[in-house]
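Structure, as structure tokens:
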Amino acid sequence: MSSIDITYNDEVQFLQNTELDWTKWISKLLLLAKKEIAKKNNLEMSISFVDENRSQEINRKYRSKNRPTDVISFAIEDGDDQVDLEAFASDPNFCEDIGDLIMCPSVIKRHSEEYETGWRREFGYTLVHGFLHLNGYDHIKPAEAKVMFGIQGKVLEDYGLPLYPDQLDEGRGK
């Protein structure tokens with residue numbers, strides 16, 4: 001399977017947490033998600049870990065929502081102007097830049113307590129959710145949500161981070 005090259009910007013020293021090797025954990029989870037959506041080419045992306053003030057600032061500027069959030073996705077190919085990547089499929093050195101995730105660990109932690117999901121499961125949920133957005137998935141329409149949350153649920157289940165039964169096609173819900 002081809003790789004995912006992840007560049008990290010860690011403004012809150014999240015990756016210094018020695019609970020586990022987070023870069024390895026993140027890579028394994030995202031490779032599983034990549035396989036599930038049948039993405040064959042090499043990918044690159046960035047993940048920034050920010051505090052709540054920075055998350056709120058970005059959320060306000062780009063989404064007109066004046067509150068911190070767990071993850072914000074900035075996809076490179078977003079909307080109707082998508083590039084046909086099939087032309088590059090035969091080039092083994094081609095690497096698709098899918099975009100950037102801005103993650104706020106303190107909001108994710110708060111959600112893990114509020115939803116009683118546990119830290120790793122909530123972090124994984126948020127990470128896969130953002131990754132799917134970077135790859136063109138959305139959940140605005142019910143049919144889109146069913147597809148996106150179905151993929152998300154399967155990836156998390158396969159990684160040992162199962163969702164509640166009612167989350168498999170409706171999002172977080174409880």
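Numbering starts fresh at 1 for the residues of each chain in the structure tokens, the chains themselves are lettered A, B, ... in the order given, and ligands are numbered from 1 as they appear.
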Residue neighbourhood Met103 of chain A, 7 Å, only C-alpha atoms, exclusion window fewer than 6 positions, as a ChimeraX atom specification: /A:48-50,70-72
Spatial neighbours of Thr7 of chain A, 9 Å, only C-alpha atoms, chain gap at least 2 places, as number ranges by chain: A: 5, 9, 44-48
Within 12 Å of Lys39 of chain A using only C-alpha atoms, minus same-chain residues under 2 positions, as a PyMOL selection string: chain A and resi 1-4+30-37+41-43+85-86+89+95-96+98+131-132+135-136
DSSP-assigned alpha helix (DSSP H) among chain A, expressed as a PyMOL selection string: chain A and resi 22-36+52-63+105-114+119-134+142-158
List every residue of chain A that DSSP, applied to the backbone of this structure, assigns to strand (DSSP E or B), and report them as a tab-separated table (two decimals) with N, CA, C and O atoms, in the first residue's frame.
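out.tsv, freshly written:
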```tsv
chain	number	residue	atom	x	y	z
A	4	ILE	N	1.23	7.63	3.36
A	4	ILE	CA	0.71	8.96	3.68
A	4	ILE	C	1.84	9.69	4.39
A	4	ILE	O	2.30	9.26	5.45
A	5	ASP	N	2.30	10.76	3.79
A	5	ASP	CA	3.35	11.58	4.38
A	5	ASP	C	2.65	12.70	5.16
A	5	ASP	O	1.96	13.53	4.57
A	6	ILE	N	2.84	12.70	6.46
A	6	ILE	CA	2.17	13.67	7.32
A	6	ILE	C	3.20	14.64	7.90
A	6	ILE	O	4.19	14.22	8.50
A	7	THR	N	2.96	15.92	7.70
A	7	THR	CA	3.77	16.96	8.31
A	7	THR	C	3.00	17.48	9.51
A	7	THR	O	1.81	17.77	9.40
A	8	TYR	N	3.68	17.58	10.63
A	8	TYR	CA	3.03	18.03	11.86
A	8	TYR	C	3.47	19.44	12.24
A	8	TYR	O	4.64	19.79	12.10
A	9	ASN	N	2.53	20.21	12.74
A	9	ASN	CA	2.78	21.50	13.36
A	9	ASN	C	2.12	21.40	14.75
A	9	ASN	O	0.90	21.37	14.85
A	10	ASP	N	2.94	21.31	15.76
A	10	ASP	CA	2.43	21.01	17.10
A	10	ASP	C	2.60	22.22	18.02
A	10	ASP	O	3.60	22.35	18.71
A	42	ASN	N	0.08	7.71	-3.42
A	42	ASN	CA	0.69	8.29	-2.23
A	42	ASN	C	-0.02	9.60	-1.89
A	42	ASN	O	-0.44	10.33	-2.78
A	43	LEU	N	-0.15	9.87	-0.60
A	43	LEU	CA	-0.80	11.09	-0.14
A	43	LEU	C	0.14	11.87	0.76
A	43	LEU	O	1.00	11.30	1.42
A	44	GLU	N	-0.07	13.17	0.78
A	44	GLU	CA	0.59	14.00	1.79
A	44	GLU	C	-0.45	14.94	2.36
A	44	GLU	O	-1.42	15.31	1.71
A	45	MET	N	-0.24	15.28	3.62
A	45	MET	CA	-1.16	16.16	4.32
A	45	MET	C	-0.43	16.75	5.51
A	45	MET	O	0.68	16.34	5.85
A	46	SER	N	-1.06	17.74	6.14
A	46	SER	CA	-0.49	18.26	7.38
A	46	SER	C	-1.55	18.20	8.46
A	46	SER	O	-2.75	18.23	8.20
A	47	ILE	N	-1.06	18.06	9.68
A	47	ILE	CA	-1.92	18.11	10.86
A	47	ILE	C	-1.29	19.12	11.82
A	47	ILE	O	-0.12	19.00	12.18
A	48	SER	N	-2.09	20.11	12.19
A	48	SER	CA	-1.66	21.09	13.19
A	48	SER	C	-2.46	20.88	14.46
A	48	SER	O	-3.68	20.74	14.42
A	49	PHE	N	-1.76	20.83	15.57
A	49	PHE	CA	-2.41	20.75	16.88
A	49	PHE	C	-2.36	22.14	17.49
A	49	PHE	O	-1.27	22.71	17.65
A	71	VAL	N	-11.98	19.80	15.10
A	71	VAL	CA	-11.20	19.66	13.87
A	71	VAL	C	-11.77	20.56	12.77
A	71	VAL	O	-12.99	20.72	12.68
A	72	ILE	N	-10.88	21.12	12.00
A	72	ILE	CA	-11.25	21.88	10.81
A	72	ILE	C	-10.42	21.31	9.67
A	72	ILE	O	-9.21	21.12	9.80
A	73	SER	N	-11.08	21.04	8.56
A	73	SER	CA	-10.42	20.45	7.39
A	73	SER	C	-10.31	21.48	6.28
A	73	SER	O	-11.29	22.15	5.96
A	74	PHE	N	-9.13	21.57	5.72
A	74	PHE	CA	-8.90	22.42	4.55
A	74	PHE	C	-8.41	21.52	3.42
A	74	PHE	O	-7.23	21.20	3.33
A	75	ALA	N	-9.35	21.08	2.58
A	75	ALA	CA	-9.02	20.19	1.47
A	75	ALA	C	-8.41	20.98	0.32
A	75	ALA	O	-8.84	22.10	0.03
A	95	CYS	N	2.55	12.19	-5.68
A	95	CYS	CA	2.03	12.26	-4.32
A	95	CYS	C	0.95	13.34	-4.28
A	95	CYS	O	1.23	14.51	-4.56
A	96	GLU	N	-0.26	12.95	-3.96
A	96	GLU	CA	-1.39	13.87	-3.91
A	96	GLU	C	-1.44	14.59	-2.57
A	96	GLU	O	-1.52	13.95	-1.52
A	97	ASP	N	-1.39	15.89	-2.60
A	97	ASP	CA	-1.55	16.70	-1.39
A	97	ASP	C	-3.05	16.88	-1.16
A	97	ASP	O	-3.73	17.52	-1.94
A	98	ILE	N	-3.56	16.27	-0.08
A	98	ILE	CA	-5.00	16.33	0.16
A	98	ILE	C	-5.41	17.50	1.05
A	98	ILE	O	-6.59	17.82	1.11
A	99	GLY	N	-4.45	18.13	1.75
A	99	GLY	CA	-4.80	19.31	2.52
A	99	GLY	C	-4.31	19.27	3.95
A	99	GLY	O	-3.36	18.57	4.28
A	100	ASP	N	-5.01	20.04	4.77
A	100	ASP	CA	-4.58	20.28	6.15
A	100	ASP	C	-5.72	20.04	7.14
A	100	ASP	O	-6.86	20.43	6.89
A	101	LEU	N	-5.35	19.43	8.27
A	101	LEU	CA	-6.27	19.31	9.40
A	101	LEU	C	-5.76	20.20	10.52
A	101	LEU	O	-4.56	20.20	10.82
A	102	ILE	N	-6.66	20.94	11.13
A	102	ILE	CA	-6.36	21.71	12.33
A	102	ILE	C	-7.12	21.02	13.46
A	102	ILE	O	-8.35	20.97	13.44
A	103	MET	N	-6.39	20.47	14.42
A	103	MET	CA	-7.02	19.72	15.51
A	103	MET	C	-6.75	20.40	16.85
A	103	MET	O	-5.64	20.88	17.08
```
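The residue that comes closest to Ser27 of chain A, out of A:Ile140, A:Ile151, A:Leu134, A:Leu127 and on the basis of only C-alpha atoms, is A:Leu127.
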Could you name the residues that touch Pro68 of chain A at 12 Å or less, counting only C-alpha atoms, but leaving out those on the same chain fewer than 4 positions away, as a PDB file with all heavy atoms, in the first residue's frame?
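Below you can see result-v1.pdb, which holds the result:
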```pdb
ATOM      1  N   VAL A  50      -3.528  22.676  17.822  1.00  0.00           N
ATOM      2  CA  VAL A  50      -3.627  24.054  18.300  1.00  0.00           C
ATOM      3  C   VAL A  50      -4.409  24.123  19.605  1.00  0.00           C
ATOM      4  O   VAL A  50      -5.105  23.172  19.980  1.00  0.00           O
ATOM      5  CB  VAL A  50      -4.303  24.963  17.237  1.00  0.00           C
ATOM      6  CG1 VAL A  50      -3.507  24.969  15.932  1.00  0.00           C
ATOM      7  CG2 VAL A  50      -5.743  24.551  16.986  1.00  0.00           C
ATOM      8  N   ASP A  51      -4.320  25.269  20.269  1.00  0.00           N
ATOM      9  CA  ASP A  51      -5.106  25.476  21.486  1.00  0.00           C
ATOM     10  C   ASP A  51      -6.491  26.022  21.123  1.00  0.00           C
ATOM     11  O   ASP A  51      -6.790  26.283  19.951  1.00  0.00           O
ATOM     12  CB  ASP A  51      -4.377  26.386  22.478  1.00  0.00           C
ATOM     13  CG  ASP A  51      -4.180  27.811  21.985  1.00  0.00           C
ATOM     14  OD1 ASP A  51      -4.864  28.253  21.037  1.00  0.00           O
ATOM     15  OD2 ASP A  51      -3.324  28.507  22.561  1.00  0.00           O
ATOM     16  N   GLU A  52      -7.329  26.182  22.121  1.00  0.00           N
ATOM     17  CA  GLU A  52      -8.709  26.599  21.877  1.00  0.00           C
ATOM     18  C   GLU A  52      -8.810  28.011  21.308  1.00  0.00           C
ATOM     19  O   GLU A  52      -9.676  28.281  20.471  1.00  0.00           O
ATOM     20  CB  GLU A  52      -9.541  26.447  23.148  1.00  0.00           C
ATOM     21  CG  GLU A  52      -9.740  24.986  23.489  1.00  0.00           C
ATOM     22  CD  GLU A  52     -10.747  24.730  24.584  1.00  0.00           C
ATOM     23  OE1 GLU A  52     -11.737  25.500  24.705  1.00  0.00           O
ATOM     24  OE2 GLU A  52     -10.553  23.735  25.310  1.00  0.00           O
ATOM     25  N   ASN A  53      -7.940  28.913  21.723  1.00  0.00           N
ATOM     26  CA  ASN A  53      -7.980  30.267  21.171  1.00  0.00           C
ATOM     27  C   ASN A  53      -7.697  30.256  19.675  1.00  0.00           C
ATOM     28  O   ASN A  53      -8.380  30.918  18.893  1.00  0.00           O
ATOM     29  CB  ASN A  53      -6.991  31.191  21.888  1.00  0.00           C
ATOM     30  CG  ASN A  53      -7.419  31.527  23.292  1.00  0.00           C
ATOM     31  OD1 ASN A  53      -8.606  31.513  23.616  1.00  0.00           O
ATOM     32  ND2 ASN A  53      -6.443  31.810  24.145  1.00  0.00           N
ATOM     33  N   ARG A  54      -6.689  29.508  19.283  1.00  0.00           N
ATOM     34  CA  ARG A  54      -6.334  29.427  17.853  1.00  0.00           C
ATOM     35  C   ARG A  54      -7.433  28.709  17.066  1.00  0.00           C
ATOM     36  O   ARG A  54      -7.791  29.117  15.959  1.00  0.00           O
ATOM     37  CB  ARG A  54      -4.989  28.704  17.702  1.00  0.00           C
ATOM     38  CG  ARG A  54      -4.510  28.631  16.283  1.00  0.00           C
ATOM     39  CD  ARG A  54      -3.883  29.949  15.845  1.00  0.00           C
ATOM     40  NE  ARG A  54      -3.274  29.760  14.545  1.00  0.00           N
ATOM     41  CZ  ARG A  54      -3.639  30.410  13.442  1.00  0.00           C
ATOM     42  NH1 ARG A  54      -4.566  31.337  13.495  1.00  0.00           N
ATOM     43  NH2 ARG A  54      -3.054  30.148  12.305  1.00  0.00           N
ATOM     44  N   SER A  55      -7.983  27.659  17.641  1.00  0.00           N
ATOM     45  CA  SER A  55      -9.077  26.936  16.995  1.00  0.00           C
ATOM     46  C   SER A  55     -10.279  27.856  16.778  1.00  0.00           C
ATOM     47  O   SER A  55     -10.885  27.867  15.698  1.00  0.00           O
ATOM     48  CB  SER A  55      -9.489  25.732  17.846  1.00  0.00           C
ATOM     49  OG  SER A  55     -10.632  25.116  17.335  1.00  0.00           O
ATOM     50  N   GLN A  56     -10.601  28.630  17.789  1.00  0.00           N
ATOM     51  CA  GLN A  56     -11.728  29.562  17.682  1.00  0.00           C
ATOM     52  C   GLN A  56     -11.456  30.628  16.615  1.00  0.00           C
ATOM     53  O   GLN A  56     -12.335  30.967  15.824  1.00  0.00           O
ATOM     54  CB  GLN A  56     -12.011  30.216  19.027  1.00  0.00           C
ATOM     55  CG  GLN A  56     -13.201  31.150  19.000  1.00  0.00           C
ATOM     56  CD  GLN A  56     -13.639  31.559  20.391  1.00  0.00           C
ATOM     57  OE1 GLN A  56     -13.271  30.946  21.385  1.00  0.00           O
ATOM     58  NE2 GLN A  56     -14.434  32.602  20.474  1.00  0.00           N
ATOM     59  N   GLU A  57     -10.240  31.127  16.605  1.00  0.00           N
ATOM     60  CA  GLU A  57      -9.865  32.149  15.615  1.00  0.00           C
ATOM     61  C   GLU A  57     -10.022  31.618  14.187  1.00  0.00           C
ATOM     62  O   GLU A  57     -10.591  32.282  13.316  1.00  0.00           O
ATOM     63  CB  GLU A  57      -8.413  32.569  15.880  1.00  0.00           C
ATOM     64  CG  GLU A  57      -7.814  33.508  14.883  1.00  0.00           C
ATOM     65  CD  GLU A  57      -6.321  33.717  15.158  1.00  0.00           C
ATOM     66  OE1 GLU A  57      -5.910  33.785  16.337  1.00  0.00           O
ATOM     67  OE2 GLU A  57      -5.568  33.793  14.167  1.00  0.00           O
ATOM     68  N   ILE A  58      -9.544  30.405  13.936  1.00  0.00           N
ATOM     69  CA  ILE A  58      -9.645  29.794  12.607  1.00  0.00           C
ATOM     70  C   ILE A  58     -11.101  29.488  12.271  1.00  0.00           C
ATOM     71  O   ILE A  58     -11.558  29.740  11.154  1.00  0.00           O
ATOM     72  CB  ILE A  58      -8.773  28.517  12.541  1.00  0.00           C
ATOM     73  CG1 ILE A  58      -7.292  28.900  12.668  1.00  0.00           C
ATOM     74  CG2 ILE A  58      -9.038  27.744  11.248  1.00  0.00           C
ATOM     75  CD1 ILE A  58      -6.373  27.725  12.938  1.00  0.00           C
ATOM     76  N   ASN A  59     -11.834  28.968  13.236  1.00  0.00           N
ATOM     77  CA  ASN A  59     -13.245  28.631  13.034  1.00  0.00           C
ATOM     78  C   ASN A  59     -14.065  29.880  12.708  1.00  0.00           C
ATOM     79  O   ASN A  59     -14.931  29.864  11.840  1.00  0.00           O
ATOM     80  CB  ASN A  59     -13.793  27.933  14.288  1.00  0.00           C
ATOM     81  CG  ASN A  59     -14.971  27.041  14.004  1.00  0.00           C
ATOM     82  OD1 ASN A  59     -15.228  26.635  12.873  1.00  0.00           O
ATOM     83  ND2 ASN A  59     -15.702  26.721  15.051  1.00  0.00           N
ATOM     84  N   ARG A  60     -13.753  30.964  13.388  1.00  0.00           N
ATOM     85  CA  ARG A  60     -14.455  32.231  13.145  1.00  0.00           C
ATOM     86  C   ARG A  60     -14.111  32.779  11.756  1.00  0.00           C
ATOM     87  O   ARG A  60     -14.988  33.177  10.995  1.00  0.00           O
ATOM     88  CB  ARG A  60     -14.098  33.255  14.231  1.00  0.00           C
ATOM     89  CG  ARG A  60     -14.795  34.608  14.071  1.00  0.00           C
ATOM     90  CD  ARG A  60     -14.486  35.596  15.202  1.00  0.00           C
ATOM     91  NE  ARG A  60     -13.072  35.736  15.466  1.00  0.00           N
ATOM     92  CZ  ARG A  60     -12.466  35.354  16.600  1.00  0.00           C
ATOM     93  NH1 ARG A  60     -13.150  34.842  17.586  1.00  0.00           N
ATOM     94  NH2 ARG A  60     -11.163  35.521  16.753  1.00  0.00           N
ATOM     95  N   LYS A  61     -12.844  32.755  11.417  1.00  0.00           N
ATOM     96  CA  LYS A  61     -12.392  33.332  10.147  1.00  0.00           C
ATOM     97  C   LYS A  61     -12.889  32.542   8.935  1.00  0.00           C
ATOM     98  O   LYS A  61     -13.317  33.131   7.946  1.00  0.00           O
ATOM     99  CB  LYS A  61     -10.868  33.408  10.135  1.00  0.00           C
ATOM    100  CG  LYS A  61     -10.302  34.020   8.873  1.00  0.00           C
ATOM    101  CD  LYS A  61      -8.794  34.184   8.967  1.00  0.00           C
ATOM    102  CE  LYS A  61      -8.239  34.836   7.710  1.00  0.00           C
ATOM    103  NZ  LYS A  61      -6.795  35.018   7.790  1.00  0.00           N
ATOM    104  N   ARG A  63     -15.144  29.683   8.983  1.00  0.00           N
ATOM    105  CA  ARG A  63     -16.451  29.029   9.033  1.00  0.00           C
ATOM    106  C   ARG A  63     -17.525  29.923   9.653  1.00  0.00           C
ATOM    107  O   ARG A  63     -18.656  29.489   9.834  1.00  0.00           O
ATOM    108  CB  ARG A  63     -16.343  27.723   9.821  1.00  0.00           C
ATOM    109  CG  ARG A  63     -15.386  26.720   9.159  1.00  0.00           C
ATOM    110  CD  ARG A  63     -15.284  25.412   9.916  1.00  0.00           C
ATOM    111  NE  ARG A  63     -16.548  24.724   9.906  1.00  0.00           N
ATOM    112  CZ  ARG A  63     -17.131  24.216  10.990  1.00  0.00           C
ATOM    113  NH1 ARG A  63     -16.554  24.308  12.169  1.00  0.00           N
ATOM    114  NH2 ARG A  63     -18.288  23.607  10.903  1.00  0.00           N
ATOM    115  N   SER A  64     -17.149  31.133  10.038  1.00  0.00           N
ATOM    116  CA  SER A  64     -18.072  32.099  10.657  1.00  0.00           C
ATOM    117  C   SER A  64     -18.744  31.532  11.906  1.00  0.00           C
ATOM    118  O   SER A  64     -19.896  31.841  12.195  1.00  0.00           O
ATOM    119  CB  SER A  64     -19.137  32.552   9.648  1.00  0.00           C
ATOM    120  OG  SER A  64     -18.518  33.170   8.550  1.00  0.00           O
ATOM    121  N   ILE A  72     -10.883  21.119  12.001  1.00  0.00           N
ATOM    122  CA  ILE A  72     -11.254  21.883  10.813  1.00  0.00           C
ATOM    123  C   ILE A  72     -10.420  21.311   9.672  1.00  0.00           C
ATOM    124  O   ILE A  72      -9.205  21.116   9.803  1.00  0.00           O
ATOM    125  CB  ILE A  72     -10.967  23.393  10.972  1.00  0.00           C
ATOM    126  CG1 ILE A  72     -11.726  23.957  12.168  1.00  0.00           C
ATOM    127  CG2 ILE A  72     -11.332  24.148   9.696  1.00  0.00           C
ATOM    128  CD1 ILE A  72     -11.349  25.381  12.537  1.00  0.00           C
ATOM    129  N   ILE A 102      -6.662  20.941  11.134  1.00  0.00           N
ATOM    130  CA  ILE A 102      -6.357  21.714  12.331  1.00  0.00           C
ATOM    131  C   ILE A 102      -7.116  21.023  13.459  1.00  0.00           C
ATOM    132  O   ILE A 102      -8.352  20.970  13.444  1.00  0.00           O
ATOM    133  CB  ILE A 102      -6.834  23.184  12.211  1.00  0.00           C
ATOM    134  CG1 ILE A 102      -6.391  23.828  10.892  1.00  0.00           C
ATOM    135  CG2 ILE A 102      -6.408  23.978  13.435  1.00  0.00           C
ATOM    136  CD1 ILE A 102      -4.916  24.002  10.722  1.00  0.00           C
ATOM    137  N   MET A 103      -6.389  20.472  14.421  1.00  0.00           N
ATOM    138  CA  MET A 103      -7.023  19.725  15.508  1.00  0.00           C
ATOM    139  C   MET A 103      -6.749  20.396  16.847  1.00  0.00           C
ATOM    140  O   MET A 103      -5.643  20.880  17.085  1.00  0.00           O
ATOM    141  CB  MET A 103      -6.514  18.284  15.529  1.00  0.00           C
ATOM    142  CG  MET A 103      -6.827  17.535  14.237  1.00  0.00           C
ATOM    143  SD  MET A 103      -6.309  15.799  14.256  1.00  0.00           S
ATOM    144  CE  MET A 103      -7.521  15.113  15.383  1.00  0.00           C
ATOM    145  N   CYS A 104      -7.760  20.386  17.698  1.00  0.00           N
ATOM    146  CA  CYS A 104      -7.633  20.978  19.026  1.00  0.00           C
ATOM    147  C   CYS A 104      -7.797  19.880  20.071  1.00  0.00           C
ATOM    148  O   CYS A 104      -8.929  19.487  20.416  1.00  0.00           O
ATOM    149  CB  CYS A 104      -8.684  22.075  19.207  1.00  0.00           C
ATOM    150  SG  CYS A 104      -8.518  22.944  20.783  1.00  0.00           S
ATOM    151  N   PRO A 105      -6.681  19.355  20.598  1.00  0.00           N
ATOM    152  CA  PRO A 105      -6.757  18.248  21.547  1.00  0.00           C
ATOM    153  C   PRO A 105      -7.613  18.535  22.792  1.00  0.00           C
ATOM    154  O   PRO A 105      -8.295  17.629  23.276  1.00  0.00           O
ATOM    155  CB  PRO A 105      -5.283  18.014  21.936  1.00  0.00           C
ATOM    156  CG  PRO A 105      -4.517  18.489  20.750  1.00  0.00           C
ATOM    157  CD  PRO A 105      -5.288  19.674  20.244  1.00  0.00           C
ATOM    158  N   SER A 106      -7.622  19.770  23.284  1.00  0.00           N
ATOM    159  CA  SER A 106      -8.409  20.039  24.493  1.00  0.00           C
ATOM    160  C   SER A 106      -9.912  19.957  24.214  1.00  0.00           C
ATOM    161  O   SER A 106     -10.679  19.502  25.069  1.00  0.00           O
ATOM    162  CB  SER A 106      -8.039  21.388  25.108  1.00  0.00           C
ATOM    163  OG  SER A 106      -8.317  22.443  24.221  1.00  0.00           O
ATOM    164  N   VAL A 107     -10.345  20.342  23.027  1.00  0.00           N
ATOM    165  CA  VAL A 107     -11.763  20.197  22.670  1.00  0.00           C
ATOM    166  C   VAL A 107     -12.088  18.715  22.482  1.00  0.00           C
ATOM    167  O   VAL A 107     -13.135  18.237  22.930  1.00  0.00           O
ATOM    168  CB  VAL A 107     -12.122  21.016  21.414  1.00  0.00           C
ATOM    169  CG1 VAL A 107     -13.540  20.703  20.942  1.00  0.00           C
ATOM    170  CG2 VAL A 107     -11.980  22.508  21.683  1.00  0.00           C
ATOM    171  N   ILE A 108     -11.188  17.978  21.846  1.00  0.00           N
ATOM    172  CA  ILE A 108     -11.398  16.536  21.666  1.00  0.00           C
ATOM    173  C   ILE A 108     -11.497  15.856  23.037  1.00  0.00           C
ATOM    174  O   ILE A 108     -12.368  15.007  23.251  1.00  0.00           O
ATOM    175  CB  ILE A 108     -10.276  15.918  20.814  1.00  0.00           C
ATOM    176  CG1 ILE A 108     -10.267  16.537  19.417  1.00  0.00           C
ATOM    177  CG2 ILE A 108     -10.421  14.396  20.736  1.00  0.00           C
ATOM    178  CD1 ILE A 108      -9.029  16.218  18.595  1.00  0.00           C
ATOM    179  N   ARG A 110     -12.470  17.185  25.862  1.00  0.00           N
ATOM    180  CA  ARG A 110     -13.758  17.568  26.450  1.00  0.00           C
ATOM    181  C   ARG A 110     -14.894  16.749  25.834  1.00  0.00           C
ATOM    182  O   ARG A 110     -15.776  16.261  26.531  1.00  0.00           O
ATOM    183  CB  ARG A 110     -14.001  19.068  26.273  1.00  0.00           C
ATOM    184  CG  ARG A 110     -15.169  19.585  27.064  1.00  0.00           C
ATOM    185  CD  ARG A 110     -15.218  21.097  27.207  1.00  0.00           C
ATOM    186  NE  ARG A 110     -15.096  21.853  25.970  1.00  0.00           N
ATOM    187  CZ  ARG A 110     -14.029  22.574  25.625  1.00  0.00           C
ATOM    188  NH1 ARG A 110     -12.968  22.633  26.418  1.00  0.00           N
ATOM    189  NH2 ARG A 110     -14.007  23.246  24.491  1.00  0.00           N
ATOM    190  N   HIS A 111     -14.850  16.562  24.515  1.00  0.00           N
ATOM    191  CA  HIS A 111     -15.865  15.745  23.850  1.00  0.00           C
ATOM    192  C   HIS A 111     -15.811  14.301  24.342  1.00  0.00           C
ATOM    193  O   HIS A 111     -16.857  13.668  24.527  1.00  0.00           O
ATOM    194  CB  HIS A 111     -15.683  15.778  22.341  1.00  0.00           C
ATOM    195  CG  HIS A 111     -16.111  17.063  21.717  1.00  0.00           C
ATOM    196  ND1 HIS A 111     -15.929  17.322  20.380  1.00  0.00           N
ATOM    197  CD2 HIS A 111     -16.712  18.164  22.219  1.00  0.00           C
ATOM    198  CE1 HIS A 111     -16.393  18.523  20.098  1.00  0.00           C
ATOM    199  NE2 HIS A 111     -16.865  19.053  21.205  1.00  0.00           N
TER     200      HIS A 111
END
```
Separation of atom CA of Ala38 of chain A from atom CA of Val147 of chain A in Å: 14.0 Å
